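Peer 1: So that you have it, the file is model03.cif, and it contains mmCIF, C-alpha atoms and all ligand atoms:
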data_entry
loop_
_atom_site.label_atom_id
_atom_site.label_comp_id
_atom_site.auth_asym_id
_atom_site.auth_seq_id
_atom_site.Cartn_x
_atom_site.Cartn_y
_atom_site.Cartn_z
CA MET A 1 49.04 90.52 95.61
CA ARG A 2 51.40 93.30 96.68
CA PHE A 3 50.59 97.01 96.52
CA GLY A 4 52.43 97.86 93.26
CA THR A 5 50.79 94.95 91.44
CA LYS A 6 47.35 95.94 92.76
CA LEU A 7 47.83 99.39 91.24
CA ILE A 8 48.26 97.84 87.80
CA HIS A 9 46.14 94.67 88.00
CA ASN A 10 42.76 95.06 89.62
CA GLU A 11 39.09 94.67 88.73
CA HIS A 12 39.21 97.84 86.64
CA SER A 13 42.56 97.55 84.83
CA ILE A 14 40.82 96.39 81.67
CA ASP A 15 37.54 97.81 80.37
CA LYS A 16 35.17 94.82 80.32
CA SER A 17 33.20 95.89 77.26
CA THR A 18 36.15 96.65 74.91
CA GLY A 19 39.34 95.30 76.43
CA ALA A 20 40.79 98.83 76.56
CA LEU A 21 43.69 99.19 79.00
CA SER A 22 42.29 102.51 80.14
CA ILE A 23 38.81 102.86 81.60
CA PRO A 24 36.76 105.08 79.25
CA ILE A 25 35.56 108.49 80.37
CA TYR A 26 31.80 107.98 80.59
CA GLN A 27 30.82 111.57 79.90
CA VAL A 28 27.14 111.02 80.56
CA SER A 29 24.47 112.30 82.91
CA THR A 30 21.75 109.69 82.47
CA TYR A 31 21.21 106.14 81.19
CA HIS A 32 18.47 104.52 79.10
CA GLN A 33 16.31 102.23 81.21
CA GLU A 34 15.13 99.08 79.43
CA ASP A 35 12.45 98.36 81.97
CA ILE A 36 11.16 100.94 84.44
CA ASP A 37 10.40 98.19 86.93
CA VAL A 38 14.03 97.07 87.02
CA ASN A 39 16.45 99.02 89.20
CA GLN A 40 19.51 99.45 86.95
CA ALA A 41 23.05 99.89 88.30
CA TYR A 42 23.34 103.16 86.37
CA GLN A 43 20.48 105.64 86.16
CA TYR A 44 21.88 109.10 86.86
CA SER A 45 25.53 110.09 87.20
CA ARG A 46 25.17 111.92 90.50
CA SER A 47 24.27 108.52 91.94
CA GLU A 48 26.64 106.29 89.92
CA ASN A 49 28.97 106.70 86.96
CA PRO A 50 31.13 103.87 85.55
CA THR A 51 34.37 105.90 85.44
CA ARG A 52 33.78 107.10 88.98
CA LYS A 53 32.93 103.56 90.08
CA ALA A 54 36.25 102.27 88.72
CA LEU A 55 38.09 104.91 90.76
CA GLU A 56 35.97 104.32 93.87
CA ASP A 57 36.47 100.55 93.73
CA THR A 58 40.22 100.98 93.19
CA ILE A 59 40.75 103.31 96.16
CA ALA A 60 38.61 101.01 98.36
CA LEU A 61 40.84 98.09 97.35
CA LEU A 62 44.05 100.04 98.05
CA GLU A 63 42.90 101.28 101.47
CA GLY A 64 41.39 97.92 102.43
CA GLY A 65 37.86 99.29 102.93
CA ASP A 66 34.37 98.22 101.89
CA ARG A 67 33.48 101.17 99.66
CA GLY A 68 35.12 104.18 98.08
CA TYR A 69 33.64 107.57 97.17
CA ALA A 70 34.99 110.25 94.86
CA PHE A 71 34.27 113.91 95.59
CA SER A 72 34.91 117.15 93.75
CA SER A 73 37.77 118.15 96.09
CA GLY A 74 39.46 117.08 99.29
CA MET A 75 37.38 119.66 101.14
CA ALA A 76 34.17 118.30 99.56
CA ALA A 77 35.24 114.87 100.83
CA THR A 78 35.89 116.15 104.37
CA SER A 79 32.68 118.24 104.43
CA SER A 80 30.62 115.32 103.15
CA VAL A 81 32.09 112.97 105.75
CA LEU A 82 31.41 115.46 108.56
CA SER A 83 27.85 115.75 107.25
CA ILE A 84 27.07 112.22 108.46
CA PHE A 85 26.95 113.71 111.98
CA SER A 86 24.06 115.63 113.54
CA ALA A 87 23.57 118.77 115.58
CA ARG A 88 24.94 118.48 119.13
CA ASP A 89 27.19 115.55 118.22
CA HIS A 90 30.63 116.14 119.70
CA ILE A 91 33.54 115.74 117.30
CA ILE A 92 37.17 115.86 118.39
CA VAL A 93 39.42 117.32 115.69
CA CYS A 94 43.19 117.07 115.94
CA GLU A 95 44.63 120.47 116.71
CA ASP A 96 47.24 120.38 113.96
CA VAL A 97 44.83 120.03 111.08
CA TYR A 98 44.92 121.37 107.49
CA GLY A 99 43.83 125.04 107.47
CA GLY A 100 40.75 124.40 105.30
CA THR A 101 39.57 121.65 107.65
CA TYR A 102 40.10 123.96 110.62
CA ARG A 103 38.02 126.62 108.84
CA ILE A 104 35.01 124.39 108.12
CA ALA A 105 35.14 122.78 111.56
CA SER A 106 35.41 126.09 113.40
CA ALA A 107 33.35 128.44 111.24
CA PHE A 108 30.97 126.29 109.17
CA PHE A 109 29.85 123.19 111.05
CA SER A 110 29.67 125.16 114.30
CA ARG A 111 26.77 127.09 112.66
CA PHE A 112 24.85 123.81 112.53
CA ASP A 113 25.38 123.34 116.24
CA PHE A 114 28.12 120.74 115.99
CA ASP A 115 30.05 120.54 119.23
CA ILE A 116 33.70 120.62 118.09
CA SER A 117 36.85 120.47 120.22
CA PHE A 118 40.38 120.87 118.88
CA VAL A 119 42.72 118.59 120.81
CA ASP A 120 46.44 117.81 120.61
CA ALA A 121 46.09 114.31 119.14
CA THR A 122 49.77 113.49 119.61
CA ASN A 123 48.75 113.08 123.26
CA VAL A 124 46.51 110.00 123.50
CA ASP A 125 45.53 110.89 127.09
CA ALA A 126 44.35 114.32 125.95
CA ILE A 127 42.03 112.60 123.44
CA LYS A 128 40.77 110.26 126.17
CA GLN A 129 40.08 113.22 128.48
CA ALA A 130 38.25 115.10 125.73
CA ILE A 131 35.70 112.32 125.13
CA LYS A 132 32.20 113.26 126.33
CA PRO A 133 28.93 111.28 126.40
CA ASN A 134 27.95 112.91 123.08
CA THR A 135 31.31 112.29 121.32
CA LYS A 136 30.53 110.68 117.98
CA GLY A 137 33.67 111.25 115.94
CA ILE A 138 37.43 111.77 116.12
CA TYR A 139 39.06 113.45 113.12
CA LEU A 140 42.80 112.88 112.72
CA GLU A 141 45.49 113.91 110.28
CA THR A 142 48.86 112.17 110.51
CA PRO A 143 51.47 113.25 109.60
CA SER A 144 49.85 116.63 110.07
CA ASN A 145 50.13 119.64 107.84
CA PRO A 146 52.57 121.44 108.01
CA THR A 147 54.61 120.40 111.08
CA LEU A 148 54.35 116.65 110.46
CA LYS A 149 53.09 115.81 113.96
CA ILE A 150 52.31 112.15 114.45
CA THR A 151 49.20 110.64 115.97
CA ASP A 152 49.00 107.03 117.11
CA ILE A 153 46.09 105.82 114.97
CA LYS A 154 45.88 102.38 116.59
CA ALA A 155 45.87 103.68 120.18
CA ILE A 156 43.17 106.25 119.45
CA SER A 157 41.08 103.80 117.42
CA THR A 158 41.19 101.30 120.29
CA ILE A 159 39.82 103.92 122.71
CA ALA A 160 37.22 105.04 120.15
CA ASN A 161 36.06 101.51 119.34
CA GLU A 162 35.23 100.87 123.01
CA LYS A 163 32.81 103.81 122.86
CA GLU A 164 31.51 103.38 119.30
CA ILE A 165 33.14 106.60 118.17
CA ILE A 166 33.92 106.92 114.46
CA VAL A 167 37.60 107.57 113.69
CA MET A 168 38.32 109.52 110.50
CA VAL A 169 41.86 109.93 109.19
CA ASP A 170 43.07 112.38 106.56
CA ASN A 171 45.69 110.23 104.81
CA THR A 172 46.69 112.81 102.18
CA PHE A 173 50.39 113.07 103.07
CA MET A 174 50.97 109.31 103.02
CA SER A 175 48.63 107.89 100.35
CA PRO A 176 47.52 104.26 100.76
CA TYR A 177 50.95 103.13 99.56
CA LEU A 178 52.61 104.29 102.79
CA GLN A 179 49.80 104.16 105.36
CA ARG A 180 46.46 102.37 105.58
CA PRO A 181 44.53 103.69 108.62
CA LEU A 182 41.64 101.21 108.24
CA GLU A 183 44.10 98.38 108.98
CA LEU A 184 44.97 100.20 112.21
CA GLY A 185 41.36 100.36 113.41
CA ALA A 186 40.08 103.64 111.90
CA HIS A 187 36.68 103.65 110.16
CA ILE A 188 36.99 106.30 107.45
CA VAL A 189 39.95 107.47 105.36
CA ILE A 190 39.92 110.79 103.55
CA HIS A 191 42.25 112.04 100.81
CA SER A 192 42.85 115.24 99.05
CA ALA A 193 43.46 113.27 95.84
CA THR A 194 44.65 116.57 94.39
CA LYS A 195 48.01 115.66 95.95
CA PHE A 196 49.92 112.36 95.63
CA ILE A 197 47.07 110.31 94.14
CA GLY A 198 46.63 112.66 91.16
CA GLY A 199 50.34 113.38 91.37
CA HIS A 200 50.66 115.83 88.47
CA SER A 201 49.21 119.12 89.79
CA ASP A 202 46.45 118.95 87.18
CA VAL A 203 43.30 117.90 89.03
CA ILE A 204 41.34 118.75 92.18
CA GLY A 205 39.61 115.78 93.79
CA GLY A 206 38.79 114.05 97.04
CA LEU A 207 38.47 110.39 97.94
CA VAL A 208 36.91 108.63 100.90
CA VAL A 209 36.98 104.98 101.91
CA ALA A 210 34.89 103.49 104.70
CA LYS A 211 34.53 100.21 106.50
CA GLY A 212 31.24 98.57 107.52
CA GLN A 213 27.97 98.56 105.59
CA ALA A 214 26.06 100.87 107.95
CA LEU A 215 28.74 103.56 107.79
CA CYS A 216 29.12 103.13 104.02
CA SER A 217 25.38 103.72 103.55
CA ARG A 218 25.53 106.92 105.62
CA ILE A 219 28.35 108.30 103.47
CA TYR A 220 26.65 107.27 100.23
CA ALA A 221 23.47 109.05 101.37
CA VAL A 222 25.47 112.30 101.69
CA GLN A 223 27.40 111.78 98.44
CA ASN A 224 24.22 111.10 96.47
CA GLY A 225 22.05 113.59 98.33
CA PHE A 226 24.45 116.49 98.73
CA GLY A 227 25.99 115.70 95.34
CA ALA A 228 29.58 116.96 95.61
CA ILE A 229 30.74 114.21 93.23
CA LEU A 230 33.83 114.13 91.03
CA GLY A 231 33.24 114.40 87.27
CA PRO A 232 34.28 111.53 84.96
CA GLN A 233 37.20 113.36 83.32
CA ASP A 234 38.76 114.07 86.70
CA CYS A 235 38.06 110.49 87.85
CA TRP A 236 40.02 109.31 84.81
CA LEU A 237 42.96 111.56 85.68
CA LEU A 238 43.03 110.10 89.20
CA LEU A 239 42.85 106.54 87.82
CA ARG A 240 45.82 107.34 85.61
CA GLY A 241 47.71 109.00 88.48
CA LEU A 242 47.17 105.97 90.72
CA LYS A 243 49.00 103.66 88.30
CA THR A 244 52.32 105.41 89.00
CA LEU A 245 51.72 106.16 92.69
CA LYS A 246 54.29 103.67 93.95
CA VAL A 247 57.18 104.71 91.68
CA ARG A 248 56.52 108.40 92.25
CA MET A 249 56.25 107.99 96.01
CA ASP A 250 59.41 105.88 96.21
CA TYR A 251 61.46 108.42 94.27
CA GLN A 252 59.97 111.51 95.90
CA GLN A 253 60.35 110.02 99.38
CA ASN A 254 63.99 109.22 98.68
CA ASN A 255 64.52 112.84 97.63
CA ALA A 256 62.89 113.96 100.89
CA ILE A 257 65.12 111.69 102.99
CA LEU A 258 68.25 113.10 101.30
CA LEU A 259 67.05 116.69 101.58
CA ALA A 260 66.15 116.30 105.28
CA GLN A 261 69.64 114.96 105.99
CA TRP A 262 71.19 117.90 104.16
CA LEU A 263 68.94 120.51 105.82
CA ILE A 264 69.80 119.48 109.38
CA ASP A 265 73.44 120.35 108.70
CA GLN A 266 72.75 123.88 107.44
CA ALA A 267 73.68 126.73 109.77
CA GLU A 268 70.61 128.79 108.72
CA VAL A 269 68.19 125.99 109.63
CA LYS A 270 66.81 125.85 113.17
CA THR A 271 64.54 122.78 112.96
CA VAL A 272 63.65 120.15 110.39
CA TYR A 273 60.27 118.41 110.73
CA TYR A 274 60.35 114.97 109.11
CA PRO A 275 59.10 111.75 110.72
CA SER A 276 62.17 109.62 110.17
CA LEU A 277 64.66 111.91 111.91
CA PRO A 278 65.72 110.81 115.41
CA SER A 279 65.01 114.40 116.55
CA HIS A 280 61.32 114.12 115.54
CA PRO A 281 59.18 113.16 118.57
CA GLY A 282 56.79 111.05 116.47
CA THR A 283 59.31 109.03 114.45
CA GLN A 284 58.90 105.75 116.32
CA ILE A 285 55.09 105.75 116.23
CA HIS A 286 55.12 106.85 112.61
CA LEU A 287 57.47 104.13 111.43
CA ASP A 288 55.40 101.54 113.33
CA GLN A 289 52.19 102.56 111.57
CA ALA A 290 53.45 103.63 108.14
CA ASP A 291 55.82 102.21 105.54
CA GLY A 292 57.94 105.36 105.19
CA PRO A 293 58.24 109.03 106.14
CA GLY A 294 56.77 110.34 102.86
CA ALA A 295 57.78 113.11 100.52
CA VAL A 296 56.82 116.21 102.51
CA LEU A 297 58.94 117.95 105.11
CA SER A 298 59.07 121.34 106.78
CA PHE A 299 61.89 123.39 108.16
CA GLU A 300 62.23 126.55 110.16
CA THR A 301 64.97 129.09 109.59
CA TYR A 302 66.42 131.26 112.33
CA ASP A 303 64.63 134.35 111.09
CA GLU A 304 61.57 135.28 109.08
CA ASN A 305 63.47 137.39 106.52
CA LEU A 306 65.69 134.48 105.65
CA ALA A 307 62.63 132.29 105.06
CA LYS A 308 61.14 134.95 102.77
CA ARG A 309 64.43 135.34 100.90
CA PHE A 310 64.58 131.58 100.39
CA MET A 311 61.07 131.64 98.89
CA GLU A 312 62.07 134.48 96.55
CA ASN A 313 65.33 132.92 95.38
CA VAL A 314 64.51 129.25 94.95
CA LYS A 315 64.58 128.30 91.24
CA HIS A 316 64.03 124.57 90.79
CA ALA A 317 60.79 124.50 92.77
CA ALA A 318 57.37 125.99 92.27
CA VAL A 319 56.17 128.34 94.97
CA ALA A 320 52.63 127.08 95.41
CA VAL A 321 50.03 126.05 97.97
CA SER A 322 49.69 122.43 96.96
CA LEU A 323 51.89 119.34 97.31
CA GLY A 324 52.31 115.83 95.96
CA GLY A 325 53.03 116.75 92.33
CA VAL A 326 55.92 115.65 90.14
CA GLU A 327 57.52 119.06 90.63
CA THR A 328 59.04 120.14 93.92
CA ILE A 329 56.74 122.66 95.58
CA VAL A 330 57.76 125.03 98.34
CA SER A 331 55.15 126.81 100.36
CA TYR A 332 54.95 129.32 103.16
CA PRO A 333 52.18 127.96 105.44
CA ALA A 334 51.63 131.17 107.43
CA LYS A 335 50.53 132.99 104.28
CA MET A 336 49.36 130.09 102.14
CA SER A 337 47.83 126.80 103.39
CA HIS A 338 47.25 128.13 106.91
CA ALA A 339 46.36 131.75 106.14
CA SER A 340 42.76 130.96 107.16
CA MET A 341 43.93 130.14 110.70
CA PRO A 342 44.25 133.07 113.15
CA LYS A 343 47.90 133.97 113.96
CA SER A 344 47.45 133.02 117.62
CA GLU A 345 46.22 129.54 116.61
CA ARG A 346 49.08 129.17 114.12
CA GLU A 347 51.65 130.08 116.76
CA LYS A 348 50.16 127.53 119.18
CA ARG A 349 50.79 124.88 116.51
CA GLY A 350 54.37 125.96 115.75
CA ILE A 351 53.47 127.50 112.38
CA SER A 352 55.79 130.47 112.59
CA ASN A 353 56.61 133.01 109.90
CA ALA A 354 59.98 131.29 109.46
CA LEU A 355 58.45 127.92 108.56
CA ILE A 356 58.73 126.54 105.02
CA ARG A 357 57.08 123.37 103.75
CA ILE A 358 58.57 121.37 100.89
CA SER A 359 56.92 118.66 98.83
CA LEU A 360 59.65 116.83 96.94
CA GLY A 361 59.21 116.09 93.26
CA LEU A 362 60.97 113.98 90.67
CA GLU A 363 63.94 116.25 90.00
CA ASP A 364 67.54 115.14 90.56
CA ILE A 365 68.29 115.76 94.23
CA GLU A 366 71.76 117.19 93.43
CA ASP A 367 70.09 120.04 91.49
CA LEU A 368 67.64 120.71 94.30
CA ILE A 369 70.34 120.79 96.97
CA GLU A 370 72.51 123.09 94.87
CA ASP A 371 69.56 125.41 94.30
CA PHE A 372 68.38 125.37 97.93
CA SER A 373 71.90 126.02 99.08
CA ASN A 374 72.08 129.15 96.91
CA ALA A 375 68.63 130.30 98.03
CA LEU A 376 69.49 129.88 101.72
CA LYS A 377 72.78 131.73 101.40
N1 LIG A 401 43.81 117.67 103.58
C1 LIG A 401 45.10 118.04 103.46
C2 LIG A 401 46.12 117.40 104.35
C3 LIG A 401 45.47 119.01 102.53
O1 LIG A 401 46.76 119.37 102.43
C4 LIG A 401 44.46 119.59 101.71
C5 LIG A 401 44.80 120.64 100.73
O2 LIG A 401 45.88 121.19 100.71
C6 LIG A 401 43.14 119.20 101.87
C7 LIG A 401 42.85 118.21 102.79
C8 LIG A 401 42.04 119.78 101.03
O3 LIG A 401 42.05 119.24 99.74
P1 LIG A 401 41.58 120.00 98.42
O4 LIG A 401 42.48 121.16 98.23
O5 LIG A 401 41.71 118.94 97.37
O6 LIG A 401 40.16 120.43 98.64
#
Rewrite the structure of this file - the entire thing - as structure tokens.

Peer 2:
Amino acid sequence: MRFGTKLIHNEHSIDKSTGALSIPIYQVSTYHQEDIDVNQAYQYSRSENPTRKALEDTIALLEGGDRGYAFSSGMAATSSVLSIFSARDHIIVCEDVYGGTYRIASAFFSRFDFDISFVDATNVDAIKQAIKPNTKGIYLETPSNPTLKITDIKAISTIANEKEIIVMVDNTFMSPYLQRPLELGAHIVIHSATKFIGGHSDVIGGLVVAKGQALCSRIYAVQNGFGAILGPQDCWLLLRGLKTLKVRMDYQQNNAILLAQWLIDQAEVKTVYYPSLPSHPGTQIHLDQADGPGAVLSFETYDENLAKRFMENVKHAAVAVSLGGVETIVSYPAKMSHASMPKSEREKRGISNALIRISLGLEDIEDLIEDFSNALK
């Protein structure tokens, strides 16, 4: 079965007890036990909930993993995954990581004596060099946020597998439709489902998929023990969002391709970051490991004031921190998604005050280009 068909026809497309074409929202905390000596599938909703299970099974199927987990946000997903490690474990985190992930890795987990190194993951040799005897995990994000840097998932997973290091990949920008890191050798995939999976800017959620029973049990122990689970209403919204993931992604990606081509010809634009452009250093690796460049791009103008003016004048896009919704969203990483990163760290990563990130929506591209043209001028 191909991806689009799997989105519509899977184990949970039809509710088994009623035939409903939408999985019911099981708004319940606990379940009657017929026999206290029998371990029921459902006892308490922190541990298991049928709506959540439908979502978790579906994302596991789409990512090609053994088990899925739904969390209350993308950050809850990342924090819960990092919680499978122990004090003094060394974890390599890609340098160009989402600001919130940088914050918990640098300021939160370091308090629990995690040994964390930020490394330029676009350089496979730099990752190799950074591995120490206590390295237990490598955390990647590709394409990265917001400069769309590309990491070779297969090459890094091959190195990691030789040393039994767990590779985690934040797959938010791509969704399982465009990239499936577990097929490339990674062990855990993480999503801010708030973005393309939800797709409508109306829910905060996180999803994780893992491979291998031992690893799955470790993640479940944190999900059940720590308890940062996603509620049934929000699970239902993500199940609904998933059904249209392919058509949204196809259309939004096409808008991004057309916008990227237009942006590179604009006199006010210094650089366009998009992993299908020949000028992007990661394009070849990206197109080898993913099925398309996605619907997010960034560009840098020649001066900061122009970038700010663009943000003030753009009309057919929301100015917001998120991405992946049906509406085009423009954001200013230095003051929004990456405000939690010190300026010196931002500059190291190319996140200047003239950088703008755009997540393309479902509008007509002609309207967007007309509007962006006015805002740039
Ligand atoms: N990962 C990436 C790439 C993100 O862009 C975000 C949020 O913007 C997150 C993780 C965190 O997700 P959430 O906001 O759902 O907690």

Peer 1: Identify, counting all atoms listed in the file, the protein, DNA and RNA residues located within 10 Å of ligand LIG 401 (chain A), and give them as number ranges by chain.

Peer 2: A: 71-79, 97-101, 141-146, 169-174, 190-195, 203-207, 321-324, 336-338

Peer 1: Take the point (26.1, 124.6, 118.4) as written in the file and pick out every residue within 12 Å of it, counting all atoms listed in the file; give the list as a VMD selection string.

Peer 2: chain A and resid 86 to 91 105 to 117

Peer 1: Grab the atom CA of A:Gln213 to atom CA of A:Asn134 distance for me, in Å with one decimal place.

Peer 2: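 That distance, rounded to one decimal, is 22.6 Å.
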
Peer 1: With all atoms listed in the file as the basis for distance, which of A:Ala130, A:Gly325, A:Ala267, A:Glu304 is at the shortest distance from A:Lys377?

Peer 2: A:Ala267

Peer 1: So the first atom is atom CA of A:Ile219 and the second is atom CA of A:Ala121; what is the distance between them in Å, to one decimal place?

Peer 2: 24.4 Å

Peer 1: Excluding A:Lys348 and its own-chain neighbours fewer than 5 positions away, which residues fall within 12 Å of it when counting only C-alpha atoms? Please give them as a ChimeraX atom specification.

Peer 2: /A:95-96,118-120,147,341-343

Peer 1: Could you tell me how far atom CA of A:Ala186 sits from atom CA of A:Pro133, in Å to one decimal place?

Peer 2: 19.8 Å

Peer 1: For a quick check of understanding, using all atoms listed in the file, which of A:Ile365, A:Leu7, A:Ala70, A:Leu376 has the smallest distance to A:Gly227?

Peer 2: A:Ala70

Peer 1: Write out as a list in words the residues lying within 12 Å of A:Ala375, counting only C-alpha atoms and excluding same-chain residues fewer than 4 positions away.

Peer 2: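 Here the answer would be Glu268, Leu306, Ala307, Lys308, Arg309, Phe310, Met311, Glu312, Asn313, Val314, Lys315, His316, Ala317, Leu368, Ile369, Glu370 and Asp371 of chain A.
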
Peer 1: Skipping near chain neighbours, those fewer than 2 positions away, what residues fall within 7 Å of A:Tyr302 using all atoms listed in the file, listed as a PyMOL selection string?

Peer 2: chain A and resi 268-270+300

Peer 1: Let me make sure I understand: among A:Thr122, A:Ser279, A:Thr135, A:Thr51, which one has the smallest atom-to-atom distance to A:Gln233 if we use all atoms listed in the file?

Peer 2: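 Nearest to A:Gln233: A:Thr51.
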
Peer 1: Taking into account all atoms listed in the file, which residue in the set A:Asn353, A:Gln284, A:Asn255, A:Ser217 is nearest to A:Glu366?

Peer 2: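 Closest to A:Glu366 of all the choices is A:Asn255.
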
Peer 1: Quick one: of A:Val272, A:Ile8, A:Ile257, A:Ile14, who's nearest to A:Leu148, counting all atoms listed in the file?

Peer 2: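 That would be A:Val272, the residue with the smallest distance to A:Leu148.
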
Peer 1: Using all atoms listed in the file, collect all residues at a distance of at most 6 Å from (36.4, 105.6, 113.9) as written in the file, then present them as a list in words.

Peer 2: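 Neighbouring residues, ordered by chain and number, come to Ile165, Ile166, Val167, Met168, Ala186 and His187 of chain A.
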
Peer 1: Missing atoms in stretch 30-37 of chain A: can you complete it with all heavy atoms, as a compact mmCIF listing (two decimals), in the frame of the given file?

Peer 2:
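Written out: out-v5.txt:
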# COMPACT_ATOMS: atom_id res chain seq x y z
N THR A 30 22.82 110.65 82.17
CA THR A 30 21.75 109.69 82.47
C THR A 30 21.81 108.49 81.54
O THR A 30 22.57 108.49 80.56
CB THR A 30 20.37 110.40 82.43
OG1 THR A 30 19.41 109.57 83.05
CG2 THR A 30 19.95 110.78 81.03
N TYR A 31 21.07 107.45 81.84
CA TYR A 31 21.21 106.14 81.19
C TYR A 31 19.83 105.65 80.78
O TYR A 31 18.87 105.77 81.55
CB TYR A 31 21.86 105.14 82.16
CG TYR A 31 23.17 105.64 82.75
CD1 TYR A 31 23.16 106.59 83.79
CD2 TYR A 31 24.39 105.22 82.26
CE1 TYR A 31 24.34 107.08 84.31
CE2 TYR A 31 25.58 105.70 82.79
CZ TYR A 31 25.56 106.63 83.81
OH TYR A 31 26.73 107.12 84.34
N HIS A 32 19.75 105.06 79.58
CA HIS A 32 18.47 104.52 79.10
C HIS A 32 18.06 103.34 79.98
O HIS A 32 18.86 102.44 80.25
CB HIS A 32 18.63 104.06 77.65
CG HIS A 32 17.44 103.32 77.15
ND1 HIS A 32 16.21 103.94 76.97
CD2 HIS A 32 17.27 102.02 76.80
CE1 HIS A 32 15.34 103.03 76.53
NE2 HIS A 32 15.96 101.87 76.43
N GLN A 33 16.80 103.33 80.38
CA GLN A 33 16.31 102.23 81.21
C GLN A 33 15.45 101.31 80.35
O GLN A 33 14.43 101.73 79.79
CB GLN A 33 15.51 102.77 82.40
CG GLN A 33 16.42 103.43 83.42
CD GLN A 33 15.69 103.97 84.64
OE1 GLN A 33 15.81 105.14 84.94
NE2 GLN A 33 14.94 103.13 85.32
N GLU A 34 15.86 100.06 80.25
CA GLU A 34 15.13 99.08 79.43
C GLU A 34 13.75 98.80 80.01
O GLU A 34 12.79 98.60 79.29
CB GLU A 34 15.91 97.75 79.37
CG GLU A 34 17.20 97.80 78.57
CD GLU A 34 16.97 98.00 77.08
OE1 GLU A 34 15.85 97.76 76.60
OE2 GLU A 34 17.92 98.42 76.39
N ASP A 35 13.70 98.76 81.33
CA ASP A 35 12.45 98.36 81.97
C ASP A 35 12.31 99.21 83.24
O ASP A 35 13.16 99.12 84.14
CB ASP A 35 12.55 96.86 82.32
CG ASP A 35 11.30 96.32 83.00
OD1 ASP A 35 10.50 97.15 83.50
OD2 ASP A 35 11.15 95.09 83.05
N ILE A 36 11.26 100.02 83.30
CA ILE A 36 11.16 100.94 84.44
C ILE A 36 10.93 100.22 85.77
O ILE A 36 11.06 100.80 86.84
CB ILE A 36 10.07 102.03 84.22
CG1 ILE A 36 8.73 101.38 83.91
CG2 ILE A 36 10.48 103.05 83.17
CD1 ILE A 36 7.56 102.34 84.05
N ASP A 37 10.60 98.94 85.69
CA ASP A 37 10.40 98.19 86.93
C ASP A 37 11.69 97.54 87.43
O ASP A 37 11.73 96.94 88.49
CB ASP A 37 9.33 97.10 86.74
CG ASP A 37 7.96 97.72 86.58
OD1 ASP A 37 7.69 98.74 87.26
OD2 ASP A 37 7.18 97.24 85.74
